>>> print(open('entry-v8.pdb').read())   # PDB, C-alpha atoms and all ligand atoms
ATOM      1  CA  MET Y   1      12.236  26.655  -8.779
ATOM      2  CA  PRO Y   2       8.663  25.448  -9.535
ATOM      3  CA  GLU Y   3       9.837  23.745 -12.741
ATOM      4  CA  ALA Y   4      12.790  22.146 -10.981
ATOM      5  CA  THR Y   5      10.544  21.047  -8.117
ATOM      6  CA  LYS Y   6       7.989  19.684 -10.551
ATOM      7  CA  SER Y   7      10.519  17.583 -12.378
ATOM      8  CA  VAL Y   8      11.768  16.184  -9.065
ATOM      9  CA  TRP Y   9       8.312  15.104  -7.908
ATOM     10  CA  GLU Y  10       7.199  13.949 -11.336
ATOM     11  CA  GLN Y  11      10.020  11.430 -11.475
ATOM     12  CA  ASN Y  12       8.272   8.952  -9.299
ATOM     13  CA  ALA Y  13      10.098   5.958  -7.987
ATOM     14  CA  ALA Y  14       8.324   3.614 -10.420
ATOM     15  CA  PRO Y  15      11.497   2.508 -12.165
ATOM     16  CA  ARG Y  16      12.703   1.230  -8.801
ATOM     17  CA  HIS Y  17       9.296   0.173  -7.504
ATOM     18  CA  ARG Y  18       6.846  -1.136 -10.074
ATOM     19  CA  ILE Y  19       3.397   0.217  -9.205
ATOM     20  CA  GLN Y  20       1.346  -2.712  -7.992
ATOM     21  CA  TRP Y  21      -2.056  -1.106  -7.458
ATOM     22  CA  CYS Y  22      -4.966  -2.546  -9.465
ATOM     23  CA  PRO Y  23      -5.787  -0.563 -12.615
ATOM     24  CA  GLY Y  24      -8.287   2.150 -11.653
ATOM     25  CA  CYS Y  25      -7.473   2.136  -7.917
ATOM     26  CA  GLY Y  26      -8.268   5.502  -6.316
ATOM     27  CA  ASP Y  27      -4.751   5.622  -4.931
ATOM     28  CA  TYR Y  28      -3.421   6.652  -8.378
ATOM     29  CA  GLY Y  29      -5.454   9.846  -8.056
ATOM     30  CA  LEU Y  30      -3.880  10.543  -4.689
ATOM     31  CA  LEU Y  31      -0.382   9.846  -6.012
ATOM     32  CA  ASN Y  32      -0.965  12.501  -8.659
ATOM     33  CA  ALA Y  33      -2.542  14.818  -6.088
ATOM     34  CA  ALA Y  34       0.441  14.449  -3.735
ATOM     35  CA  LYS Y  35       2.926  15.145  -6.541
ATOM     36  CA  ALA Y  36       0.990  18.247  -7.596
ATOM     37  CA  ALA Y  37       0.706  19.470  -3.999
ATOM     38  CA  LEU Y  38       4.423  19.063  -3.250
ATOM     39  CA  THR Y  39       5.206  20.861  -6.511
ATOM     40  CA  THR Y  40       2.842  23.733  -5.665
ATOM     41  CA  LEU Y  41       4.402  24.009  -2.218
ATOM     42  CA  GLU Y  42       7.844  24.174  -3.891
ATOM     43  CA  LEU Y  43       9.245  21.662  -1.456
ATOM     44  CA  THR Y  44      12.279  19.576  -2.273
ATOM     45  CA  PRO Y  45      12.570  15.915  -1.214
ATOM     46  CA  SER Y  46      15.077  16.800   1.525
ATOM     47  CA  GLU Y  47      12.451  19.038   3.171
ATOM     48  CA  VAL Y  48       9.740  16.375   3.275
ATOM     49  CA  LEU Y  49       9.209  13.167   5.199
ATOM     50  CA  LEU Y  50       6.476  10.947   3.829
ATOM     51  CA  VAL Y  51       5.210   8.457   6.380
ATOM     52  CA  GLY Y  52       3.216   5.610   4.885
ATOM     53  CA  GLY Y  53       0.778   3.260   6.511
ATOM     54  CA  ILE Y  54       0.562  -0.465   5.891
ATOM     55  CA  GLY Y  55      -1.607  -1.918   3.138
ATOM     56  CA  CYS Y  56      -2.225  -1.052  -0.512
ATOM     57  CA  SER Y  57      -2.269   2.673   0.272
ATOM     58  CA  GLY Y  58       1.010   2.467   2.174
ATOM     59  CA  GLN Y  59       2.776   1.624  -1.086
ATOM     60  CA  ILE Y  60       2.506   5.287  -2.033
ATOM     61  CA  ARG Y  61       5.675   5.959  -0.070
ATOM     62  CA  ASN Y  62       7.542   3.778  -2.586
ATOM     63  CA  TYR Y  63       6.119   5.574  -5.593
ATOM     64  CA  LEU Y  64       6.908   9.147  -4.558
ATOM     65  CA  ASN Y  65      10.413  10.278  -5.262
ATOM     66  CA  GLY Y  66      11.241  11.401  -1.733
ATOM     67  CA  ASN Y  67      12.280  10.329   1.741
ATOM     68  CA  SER Y  68       9.860   7.991   3.390
ATOM     69  CA  PHE Y  69       9.353   5.867   6.444
ATOM     70  CA  TYR Y  70       7.051   3.112   7.556
ATOM     71  CA  GLY Y  71       6.900   0.827  10.541
ATOM     72  CA  THR Y  72       4.240  -1.289  12.174
ATOM     73  CA  HIS Y  73       0.553  -1.271  11.243
ATOM     74  CA  GLY Y  74      -1.242   1.610  12.976
ATOM     75  CA  GLY Y  75       1.954   3.408  13.947
ATOM     76  CA  ALA Y  76       2.253   5.969  11.155
ATOM     77  CA  LEU Y  77       1.012   8.937  13.190
ATOM     78  CA  ALA Y  78       3.250   8.096  16.135
ATOM     79  CA  TYR Y  79       6.300   7.988  13.865
ATOM     80  CA  ALA Y  80       5.223  11.239  12.236
ATOM     81  CA  LEU Y  81       4.869  12.981  15.590
ATOM     82  CA  GLY Y  82       8.274  11.732  16.702
ATOM     83  CA  ALA Y  83       9.913  12.921  13.481
ATOM     84  CA  LYS Y  84       8.323  16.355  13.795
ATOM     85  CA  MET Y  85       9.443  16.693  17.407
ATOM     86  CA  ALA Y  86      12.995  15.731  16.494
ATOM     87  CA  ASN Y  87      13.146  17.992  13.428
ATOM     88  CA  PRO Y  88      10.527  20.770  13.511
ATOM     89  CA  GLU Y  89      11.767  22.117  10.155
ATOM     90  CA  LEU Y  90      10.595  19.006   8.338
ATOM     91  CA  THR Y  91       7.299  18.927   6.411
ATOM     92  CA  VAL Y  92       5.739  15.695   7.632
ATOM     93  CA  LEU Y  93       3.042  14.172   5.439
ATOM     94  CA  VAL Y  94       1.324  10.948   6.457
ATOM     95  CA  MET Y  95      -0.583   8.945   3.869
ATOM     96  CA  ALA Y  96      -2.343   5.950   5.374
ATOM     97  CA  GLY Y  97      -5.437   3.835   4.879
ATOM     98  CA  ASP Y  98      -8.689   3.758   6.786
ATOM     99  CA  GLY Y  99      -7.954   0.375   8.364
ATOM    100  CA  ASP Y 100      -4.562   1.603   9.538
ATOM    101  CA  THR Y 101      -5.867   4.919  10.884
ATOM    102  CA  LEU Y 102      -9.291   4.006  12.250
ATOM    103  CA  ALA Y 103      -8.751   0.470  13.613
ATOM    104  CA  ILE Y 104      -5.331  -0.470  14.934
ATOM    105  CA  GLY Y 105      -4.112   3.149  14.774
ATOM    106  CA  ILE Y 106      -7.190   4.874  16.231
ATOM    107  CA  GLU Y 107      -5.401   5.704  19.487
ATOM    108  CA  ASN Y 108      -2.672   7.559  17.601
ATOM    109  CA  PHE Y 109      -5.313   9.312  15.494
ATOM    110  CA  VAL Y 110      -7.280  10.542  18.511
ATOM    111  CA  HIS Y 111      -4.236  11.805  20.354
ATOM    112  CA  ILE Y 112      -2.546  13.492  17.423
ATOM    113  CA  CYS Y 113      -5.773  15.480  16.969
ATOM    114  CA  ARG Y 114      -5.474  16.543  20.614
ATOM    115  CA  ARG Y 115      -1.763  17.375  20.456
ATOM    116  CA  ASP Y 116      -2.123  19.350  17.235
ATOM    117  CA  PRO Y 117       1.428  19.098  15.854
ATOM    118  CA  ASP Y 118       2.235  20.558  12.456
ATOM    119  CA  VAL Y 119       1.671  17.239  10.682
ATOM    120  CA  THR Y 120      -0.663  16.513   7.746
ATOM    121  CA  LEU Y 121      -2.582  13.245   7.490
ATOM    122  CA  VAL Y 122      -4.241  12.082   4.277
ATOM    123  CA  ILE Y 123      -6.539   9.119   4.901
ATOM    124  CA  MET Y 124      -6.755   7.054   1.705
ATOM    125  CA  ASN Y 125     -10.225   5.919   2.642
ATOM    126  CA  ASN Y 126     -11.866   3.058   0.757
ATOM    127  CA  GLY Y 127     -13.850   1.215   3.442
ATOM    128  CA  VAL Y 128     -11.933  -2.046   3.090
ATOM    129  CA  TYR Y 129      -8.646  -3.753   3.852
ATOM    130  CA  GLY Y 130      -7.665  -4.078   0.186
ATOM    131  CA  LEU Y 131      -4.306  -5.787   0.634
ATOM    132  CA  THR Y 132      -5.837  -8.665   2.599
ATOM    133  CA  LYS Y 133      -8.662  -9.137   0.070
ATOM    134  CA  GLY Y 134     -11.429  -6.794   1.077
ATOM    135  CA  GLN Y 135     -12.464  -7.328   4.691
ATOM    136  CA  ASP Y 136     -14.545  -4.475   6.157
ATOM    137  CA  SER Y 137     -12.596  -1.629   7.703
ATOM    138  CA  PRO Y 138     -14.128   0.684  10.352
ATOM    139  CA  SER Y 139     -15.309   3.025   7.573
ATOM    140  CA  ALA Y 140     -17.177   0.222   5.757
ATOM    141  CA  GLY Y 141     -20.881   0.759   5.153
ATOM    142  CA  LEU Y 142     -20.682   4.353   3.901
ATOM    143  CA  GLY Y 143     -24.074   5.229   2.412
ATOM    144  CA  GLN Y 144     -25.323   1.637   2.359
ATOM    145  CA  PRO Y 145     -29.053   1.679   3.099
ATOM    146  CA  ASN Y 146     -29.167  -1.901   4.343
ATOM    147  CA  TRP Y 147     -26.135  -1.583   6.585
ATOM    148  CA  LYS Y 148     -27.367  -2.732   9.976
ATOM    149  CA  PRO Y 149     -24.812  -2.612  12.785
ATOM    150  CA  SER Y 150     -24.221  -6.096  14.139
ATOM    151  CA  GLU Y 151     -21.537  -8.089  15.877
ATOM    152  CA  GLU Y 152     -19.926  -8.694  12.523
ATOM    153  CA  HIS Y 153     -20.513  -5.150  11.276
ATOM    154  CA  PRO Y 154     -20.132  -2.672  14.137
ATOM    155  CA  PRO Y 155     -21.219   0.928  13.462
ATOM    156  CA  PHE Y 156     -19.428   2.964  10.826
ATOM    157  CA  ILE Y 157     -16.691   5.441  11.877
ATOM    158  CA  ASP Y 158     -16.453   8.893  10.298
ATOM    159  CA  PRO Y 159     -12.895  10.249  10.752
ATOM    160  CA  VAL Y 160     -14.108  13.806  10.189
ATOM    161  CA  GLU Y 161     -16.422  13.659  13.188
ATOM    162  CA  ILE Y 162     -13.743  12.064  15.364
ATOM    163  CA  ALA Y 163     -11.202  14.710  14.358
ATOM    164  CA  LEU Y 164     -13.615  17.541  15.122
ATOM    165  CA  ALA Y 165     -14.506  16.062  18.506
ATOM    166  CA  CYS Y 166     -10.854  15.485  19.423
ATOM    167  CA  GLY Y 167      -9.554  18.974  18.666
ATOM    168  CA  ALA Y 168      -8.047  18.783  15.166
ATOM    169  CA  THR Y 169      -7.565  22.303  13.850
ATOM    170  CA  PHE Y 170      -7.876  21.592  10.114
ATOM    171  CA  ILE Y 171     -10.342  19.149   8.563
ATOM    172  CA  ALA Y 172     -10.988  18.751   4.856
ATOM    173  CA  GLN Y 173     -12.413  16.132   2.556
ATOM    174  CA  SER Y 174     -11.516  15.187  -1.017
ATOM    175  CA  PHE Y 175     -12.141  12.518  -3.656
ATOM    176  CA  SER Y 176      -9.525  10.670  -5.715
ATOM    177  CA  GLY Y 177     -11.740  11.116  -8.773
ATOM    178  CA  ASP Y 178     -10.878  14.829  -8.554
ATOM    179  CA  PRO Y 179      -7.087  14.858  -7.978
ATOM    180  CA  LYS Y 180      -6.827  18.593  -8.666
ATOM    181  CA  HIS Y 181      -9.156  19.390  -5.777
ATOM    182  CA  ALA Y 182      -7.450  16.733  -3.614
ATOM    183  CA  SER Y 183      -4.076  18.387  -4.260
ATOM    184  CA  GLN Y 184      -5.513  21.769  -3.212
ATOM    185  CA  MET Y 185      -6.725  20.224   0.052
ATOM    186  CA  ILE Y 186      -3.266  18.721   0.690
ATOM    187  CA  VAL Y 187      -1.645  22.106  -0.013
ATOM    188  CA  GLU Y 188      -4.013  23.840   2.424
ATOM    189  CA  GLY Y 189      -3.418  21.110   4.998
ATOM    190  CA  VAL Y 190       0.365  21.410   4.785
ATOM    191  CA  ARG Y 191       0.162  25.221   4.981
ATOM    192  CA  HIS Y 192      -1.984  25.016   8.124
ATOM    193  CA  ARG Y 193       0.118  25.453  11.261
ATOM    194  CA  GLY Y 194      -1.198  22.525  13.252
ATOM    195  CA  PHE Y 195      -2.559  19.038  12.711
ATOM    196  CA  ALA Y 196      -4.391  18.749   9.395
ATOM    197  CA  LEU Y 197      -6.674  15.928   8.282
ATOM    198  CA  VAL Y 198      -7.612  15.378   4.655
ATOM    199  CA  ASN Y 199     -10.074  12.490   4.456
ATOM    200  CA  ASP Y 200      -9.915  11.350   0.822
ATOM    201  CA  PHE Y 201     -12.456   8.973  -0.695
ATOM    202  CA  SER Y 202     -10.224   6.652  -2.705
ATOM    203  CA  PRO Y 203     -12.285   3.869  -4.338
ATOM    204  CA  CYS Y 204     -11.091   0.270  -4.106
ATOM    205  CA  VAL Y 205     -12.293  -0.933  -7.493
ATOM    206  CA  THR Y 206     -11.538  -4.560  -6.702
ATOM    207  CA  TYR Y 207     -13.228  -5.147  -3.350
ATOM    208  CA  ASN Y 208     -15.626  -2.278  -2.626
ATOM    209  CA  LYS Y 209     -18.327  -2.740  -5.221
ATOM    210  CA  PHE Y 210     -20.717  -0.293  -3.508
ATOM    211  CA  ASN Y 211     -18.643   2.893  -3.082
ATOM    212  CA  THR Y 212     -17.582   3.133  -6.723
ATOM    213  CA  TYR Y 213     -16.431   6.220  -8.646
ATOM    214  CA  ASP Y 214     -19.972   6.612  -9.987
ATOM    215  CA  TRP Y 215     -21.448   6.270  -6.499
ATOM    216  CA  PHE Y 216     -19.109   8.954  -5.178
ATOM    217  CA  ARG Y 217     -19.799  11.257  -8.147
ATOM    218  CA  ALA Y 218     -23.491  11.014  -7.317
ATOM    219  CA  HIS Y 219     -22.943  11.767  -3.637
ATOM    220  CA  VAL Y 220     -20.106  14.300  -3.303
ATOM    221  CA  GLU Y 221     -20.958  17.977  -3.170
ATOM    222  CA  ALA Y 222     -18.739  21.009  -2.634
ATOM    223  CA  VAL Y 223     -18.805  22.728   0.732
ATOM    224  CA  PRO Y 224     -21.007  25.804   0.149
ATOM    225  CA  ALA Y 225     -19.139  29.052  -0.541
ATOM    226  CA  ASP Y 226     -20.866  30.754   2.426
ATOM    227  CA  HIS Y 227     -19.717  28.102   4.932
ATOM    228  CA  ASP Y 228     -17.595  29.613   7.730
ATOM    229  CA  PRO Y 229     -14.837  27.034   8.348
ATOM    230  CA  SER Y 230     -13.507  29.002  11.330
ATOM    231  CA  SER Y 231     -16.628  28.110  13.336
ATOM    232  CA  LYS Y 232     -16.787  24.712  14.996
ATOM    233  CA  ASP Y 233     -20.551  24.998  15.320
ATOM    234  CA  ALA Y 234     -20.840  25.724  11.598
ATOM    235  CA  ALA Y 235     -18.652  22.684  10.887
ATOM    236  CA  ARG Y 236     -20.904  20.467  13.038
ATOM    237  CA  ASP Y 237     -24.029  21.845  11.346
ATOM    238  CA  LEU Y 238     -22.502  21.276   7.915
ATOM    239  CA  ILE Y 239     -21.685  17.632   8.701
ATOM    240  CA  GLN Y 240     -25.223  17.026  10.004
ATOM    241  CA  ASP Y 241     -26.829  18.800   7.056
ATOM    242  CA  PHE Y 242     -24.866  16.747   4.523
ATOM    243  CA  ARG Y 243     -25.628  13.549   6.405
ATOM    244  CA  ARG Y 244     -29.360  14.288   6.431
ATOM    245  CA  ARG Y 245     -29.231  14.830   2.677
ATOM    246  CA  GLU Y 246     -27.070  11.709   2.182
ATOM    247  CA  LYS Y 247     -24.301  13.775   0.615
ATOM    248  CA  LEU Y 248     -20.556  13.975   1.288
ATOM    249  CA  PRO Y 249     -18.955  17.434   1.641
ATOM    250  CA  LEU Y 250     -15.799  18.102  -0.360
ATOM    251  CA  GLY Y 251     -13.633  21.008   0.741
ATOM    252  CA  ILE Y 252     -12.490  22.632   3.965
ATOM    253  CA  ILE Y 253     -14.937  21.772   6.721
ATOM    254  CA  TYR Y 254     -13.055  23.276   9.666
ATOM    255  CA  ARG Y 255      -9.969  25.457   9.977
ATOM    256  CA  ASN Y 256      -9.165  26.964  13.343
ATOM    257  CA  PRO Y 257      -7.745  30.405  12.615
ATOM    258  CA  ARG Y 258      -5.665  30.631  15.770
ATOM    259  CA  ALA Y 259      -1.952  30.102  15.443
ATOM    260  CA  LYS Y 260      -0.845  28.825  18.815
ATOM    261  CA  PRO Y 261       2.958  28.506  18.872
ATOM    262  CA  GLU Y 262       3.880  24.896  18.263
ATOM    263  CA  ALA Y 263       6.267  24.983  21.206
ATOM    264  CA  LYS Y 264       3.188  25.305  23.447
ATOM    265  CA  ARG Y 265       1.605  22.211  21.931
ATOM    266  CA  LEU Y 266       4.388  19.657  21.830
ATOM    267  CA  PRO Y 267       6.229  18.320  24.829
ATOM    268  CA  MET Y 268       9.790  18.118  23.549
ATOM    269  CA  TRP Y 269      12.123  19.930  21.201
ATOM    270  CA  PRO Y 270      15.616  19.115  19.951
ATOM    271  CA  GLN Y 271      17.157  21.971  21.983
ATOM    272  CA  GLU Y 272      15.853  20.337  25.151
ATOM    273  CA  LEU Y 273      17.937  17.309  24.277
ATOM    274  CA  GLU Y 274      21.087  19.307  23.565
ATOM    275  CA  GLY Y 275      23.844  18.182  25.887
ATOM    276  CA  ALA Y 276      21.669  15.434  27.373
ATOM    277  CA  ASP Y 277      23.580  12.305  28.296
ATOM    278  CA  ILE Y 278      21.507   9.420  26.946
ATOM    279  CA  GLU Y 279      24.255   6.816  27.427
ATOM    280  CA  PRO Y 280      22.887   5.533  30.792
ATOM    281  CA  LEU Y 281      19.453   5.044  29.206
ATOM    282  CA  LEU Y 282      20.917   3.231  26.236
ATOM    283  CA  GLU Y 283      22.998   1.091  28.563
ATOM    284  CA  ARG Y 284      19.851  -0.007  30.413
ATOM    285  CA  LEU Y 285      18.260  -1.022  27.130
ATOM    286  CA  ARG Y 286      21.246  -3.001  25.878
TER
HETATM  287 FE1  LIG N   1      -6.489  -0.416  -4.816
HETATM  288 FE2  LIG N   1      -8.275  -2.120  -3.859
HETATM  289 FE3  LIG N   1      -6.528  -2.947  -5.686
HETATM  290 FE4  LIG N   1      -5.719  -2.391  -3.200
HETATM  291  S1  LIG N   1      -7.124  -4.042  -3.811
HETATM  292  S2  LIG N   1      -4.699  -1.756  -5.108
HETATM  293  S3  LIG N   1      -7.055  -0.661  -2.653
HETATM  294  S4  LIG N   1      -8.120  -1.389  -5.979
HETATM  295 MG    MG N   2      -8.625   0.720   3.292
END
>>> encode(input="entry-v8.pdb", output="structure tokens")
Amino acid sequence: MPEATKSVWEQNAAPRHRIQWCPGCGDYGLLNAAKAALTTLELTPSEVLLVGGIGCSGQIRNYLNGNSFYGTHGGALAYALGAKMANPELTVLVMAGDGDTLAIGIENFVHICRRDPDVTLVIMNNGVYGLTKGQDSPSAGLGQPNWKPSEEHPPFIDPVEIALACGATFIAQSFSGDPKHASQMIVEGVRHRGFALVNDFSPCVTYNKFNTYDWFRAHVEAVPADHDPSSKDAARDLIQDFRRREKLPLGIIYRNPRAKPEAKRLPMWPQELEGADIEPLLERLR
């Protein structure tokens, strides 16, 4: 099974979709990390729905050899939640950019953290809108000493802090320059029974000339082995400690050990729709 699964995920869709990312883009690391994670999890394409965002990162859905979906900018998490509610057996993996998740899609991000469905989100975070030639995204300014919030550059958003504040039950961080570690974080996120965020630093080599691979290598640091990820207070302290030291933690920052039944967290299940007559509703919409 692992070998068969591996060969399925290794055959990416490149023959059908020529990879269009710039050479060296961090998204290649995440493509490899996602393939390795799905192989480790021994999932087959029919068991997985990959929901992509819009932008350079969103192309990943075309390069993975599985079932995928995308819609409007900012909507990825809403589509993912809907798919999970309709088919709870599905492994739903969302891979979307920082602009998609933290600007136009921030409402969906906040509320999926609160609802806590069994959905995994990987933010392919590079601090820019790469596809539209490098405008600042809400995560622009990471580590920049001269970054002064202004009308043009409002304060930086850290998705990890938002997720912790909004009730996400699994929060991890990774770096595309270390795809092996990134794949482990995706595996742990998918295995977690609840909403999982993996915030991945994925350098845009074309437009973000500050947060380069070298810059990240100088600033990332593993979460200490004695960190207790089951404690929210410890997670908050860890984030503050790393920020004070101008470092970026890589690893599992928070993992709520409780396993609340998903049926208590989501409002609707397929069985509730069994026998429902939706014709009148459809008629009204026609
Ligand atoms: Fe990657 Fe940036 Fe090129 Fe887009 S513009 S493919 S994010 S390097
Ligand atoms: Mg981006």
>>> resolve_selection(input="entry-v8.pdb", expression="the PyMOL selection byres (((chain Y and resi 104-112) around 8) and not hetatm)", output="mmCIF file with C-alpha atoms, in the coordinates of the input")
data_model
loop_
_atom_site.group_PDB
_atom_site.id
_atom_site.type_symbol
_atom_site.label_atom_id
_atom_site.label_comp_id
_atom_site.auth_asym_id
_atom_site.auth_seq_id
_atom_site.Cartn_x
_atom_site.Cartn_y
_atom_site.Cartn_z
ATOM 1 C CA HIS Y 73 0.553 -1.271 11.243
ATOM 2 C CA GLY Y 74 -1.242 1.610 12.976
ATOM 3 C CA GLY Y 75 1.954 3.408 13.947
ATOM 4 C CA ALA Y 76 2.253 5.969 11.155
ATOM 5 C CA LEU Y 77 1.012 8.937 13.190
ATOM 6 C CA ALA Y 78 3.250 8.096 16.135
ATOM 7 C CA LEU Y 81 4.869 12.981 15.590
ATOM 8 C CA GLY Y 99 -7.954 0.375 8.364
ATOM 9 C CA ASP Y 100 -4.562 1.603 9.538
ATOM 10 C CA THR Y 101 -5.867 4.919 10.884
ATOM 11 C CA LEU Y 102 -9.291 4.006 12.250
ATOM 12 C CA ALA Y 103 -8.751 0.470 13.613
ATOM 13 C CA CYS Y 113 -5.773 15.480 16.969
ATOM 14 C CA ARG Y 114 -5.474 16.543 20.614
ATOM 15 C CA ARG Y 115 -1.763 17.375 20.456
ATOM 16 C CA ASP Y 116 -2.123 19.350 17.235
ATOM 17 C CA PRO Y 117 1.428 19.098 15.854
ATOM 18 C CA ILE Y 162 -13.743 12.064 15.364
ATOM 19 C CA ALA Y 163 -11.202 14.710 14.358
ATOM 20 C CA CYS Y 166 -10.854 15.485 19.423
ATOM 21 C CA ALA Y 168 -8.047 18.783 15.166
ATOM 22 C CA PHE Y 195 -2.559 19.038 12.711
#
>>> residues_near_ligand(input="entry-v8.pdb", ligand="ligand LIG 1 (chain N)", cutoff="6 Å", atoms="only C-alpha atoms and all ligand atoms", output="PyMOL selection string")
chain Y and resi 21-22+25+56+130-131+204-207
>>> closest_residue(input="entry-v8.pdb", among="Y:Ser202, Y:Ser183, Y:Asn211, Y:Ser176", to="ligand MG 2 (chain N)", atoms="only C-alpha atoms and all ligand atoms")
Y:Ser202
>>> resolve_selection(input="entry-v8.pdb", expression="the PyMOL selection byres (((not hetatm)) within 7 of (chain N and resi 2))", output="ChimeraX atom specification")
/Y:97-99,124-130,137
>>> resolve_selection(input="entry-v8.pdb", expression="the PyMOL selection byres (((chain Y and resi 239) around 10) and not hetatm)", output="JSON list (two decimals) with C-alpha atoms, in the frame of the given file")
[["chain", "number", "residue", "atom", "x", "y", "z"],
["Y", 160, "VAL", "CA", -14.11, 13.81, 10.19],
["Y", 161, "GLU", "CA", -16.42, 13.66, 13.19],
["Y", 223, "VAL", "CA", -18.80, 22.73, 0.73],
["Y", 233, "ASP", "CA", -20.55, 25.00, 15.32],
["Y", 234, "ALA", "CA", -20.84, 25.72, 11.60],
["Y", 235, "ALA", "CA", -18.65, 22.68, 10.89],
["Y", 236, "ARG", "CA", -20.90, 20.47, 13.04],
["Y", 237, "ASP", "CA", -24.03, 21.84, 11.35],
["Y", 238, "LEU", "CA", -22.50, 21.28, 7.92],
["Y", 240, "GLN", "CA", -25.22, 17.03, 10.00],
["Y", 241, "ASP", "CA", -26.83, 18.80, 7.06],
["Y", 242, "PHE", "CA", -24.87, 16.75, 4.52],
["Y", 243, "ARG", "CA", -25.63, 13.55, 6.40],
["Y", 244, "ARG", "CA", -29.36, 14.29, 6.43],
["Y", 247, "LYS", "CA", -24.30, 13.78, 0.62],
["Y", 248, "LEU", "CA", -20.56, 13.98, 1.29],
["Y", 249, "PRO", "CA", -18.95, 17.43, 1.64],
["Y", 253, "ILE", "CA", -14.94, 21.77, 6.72]]
>>> closest_residue(input="entry-v8.pdb", among="Y:Ala37, Y:Leu64, Y:Leu281, Y:Ile19", to="Arg191 in chain Y", atoms="all atoms listed in the file")
Y:Ala37
>>> closest_residue(input="entry-v8.pdb", among="Y:Phe210, Y:Phe170, Y:Leu250, Y:Thr40", to="Asn146 in chain Y", atoms="all atoms listed in the file")
Y:Phe210
>>> closest_residue(input="entry-v8.pdb", among="Y:Ala96, Y:Val190, Y:Ala36, Y:Val220", to="Glu246 in chain Y", atoms="all atoms listed in the file")
Y:Val220
>>> atom_distance(input="entry-v8.pdb", atom1="CA of Pro45 in chain Y", atom2="CA of Tyr70 in chain Y")
16.5 Å
>>> atom_distance(input="entry-v8.pdb", atom1="CA of Asp200 in chain Y", atom2="CA of Thr169 in chain Y")
17.2 Å
>>> residues_around(input="entry-v8.pdb", residues="Ile171 in chain Y", least_positions_apart="6", cutoff="9 Å", atoms="all atoms listed in the file", output="list in words")
Val160, Ala163, Leu164, Gly189, Phe195, Ala196, Leu197, Val198, Asn199, Gly251, Ile252, Ile253, Tyr254 and Arg255 of chain Y
>>> atom_distance(input="entry-v8.pdb", atom1="CA of Met95 in chain Y", atom2="CA of Asp118 in chain Y")
14.7 Å
>>> closest_residue(input="entry-v8.pdb", among="Y:Asp136, Y:Glu151, Y:Asp228, Y:Glu221", to="Ser174 in chain Y", atoms="all atoms listed in the file")
Y:Glu221
>>> closest_residue(input="entry-v8.pdb", among="Y:Gln59, Y:Ser139, Y:Val122, Y:Phe216", to="Met185 in chain Y", atoms="all atoms listed in the file")
Y:Val122
>>> residues_near_point(input="entry-v8.pdb", point="(9.8, 10.9, 2.4)", cutoff="6 Å", atoms="all atoms listed in the file", output="mmCIF file with C-alpha atoms, in the coordinates of the input")
data_model
loop_
_atom_site.group_PDB
_atom_site.id
_atom_site.type_symbol
_atom_site.label_atom_id
_atom_site.label_comp_id
_atom_site.auth_asym_id
_atom_site.auth_seq_id
_atom_site.Cartn_x
_atom_site.Cartn_y
_atom_site.Cartn_z
ATOM 1 C CA VAL Y 48 9.740 16.375 3.275
ATOM 2 C CA LEU Y 49 9.209 13.167 5.199
ATOM 3 C CA LEU Y 50 6.476 10.947 3.829
ATOM 4 C CA GLY Y 66 11.241 11.401 -1.733
ATOM 5 C CA ASN Y 67 12.280 10.329 1.741
ATOM 6 C CA SER Y 68 9.860 7.991 3.390
#
>>> residues_around(input="entry-v8.pdb", residues="Gly29 in chain Y", least_positions_apart="6", cutoff="10 Å", atoms="all atoms listed in the file", output="ChimeraX atom specification")
/Y:175-180,182-183,202-203
>>> build_atoms(input="entry-v8.pdb", residues="range 109-115 of chain Y", atoms="N, CA, C and O atoms", output="short mmCIF file (atom, residue, chain, number, x, y, z; two decimals), keeping the file's coordinate frame")
data_model
loop_
_atom_site.label_atom_id
_atom_site.label_comp_id
_atom_site.auth_asym_id
_atom_site.auth_seq_id
_atom_site.Cartn_x
_atom_site.Cartn_y
_atom_site.Cartn_z
N PHE Y 109 -4.52 8.31 16.20
CA PHE Y 109 -5.31 9.31 15.49
C PHE Y 109 -5.97 10.27 16.50
O PHE Y 109 -5.89 11.50 16.36
N VAL Y 110 -6.60 9.71 17.51
CA VAL Y 110 -7.28 10.54 18.51
C VAL Y 110 -6.29 11.49 19.18
O VAL Y 110 -6.54 12.70 19.31
N HIS Y 111 -5.15 10.98 19.56
CA HIS Y 111 -4.24 11.80 20.35
C HIS Y 111 -3.42 12.78 19.52
O HIS Y 111 -3.02 13.83 20.02
N ILE Y 112 -3.23 12.48 18.24
CA ILE Y 112 -2.55 13.49 17.42
C ILE Y 112 -3.50 14.67 17.16
O ILE Y 112 -3.07 15.82 17.07
N CYS Y 113 -4.79 14.38 17.08
CA CYS Y 113 -5.77 15.48 16.97
C CYS Y 113 -5.68 16.37 18.20
O CYS Y 113 -5.72 17.60 18.11
N ARG Y 114 -5.55 15.78 19.36
CA ARG Y 114 -5.47 16.54 20.61
C ARG Y 114 -4.18 17.33 20.71
O ARG Y 114 -4.14 18.47 21.13
N ARG Y 115 -3.06 16.72 20.30
CA ARG Y 115 -1.76 17.38 20.46
C ARG Y 115 -1.55 18.48 19.43
O ARG Y 115 -0.81 19.42 19.67
#
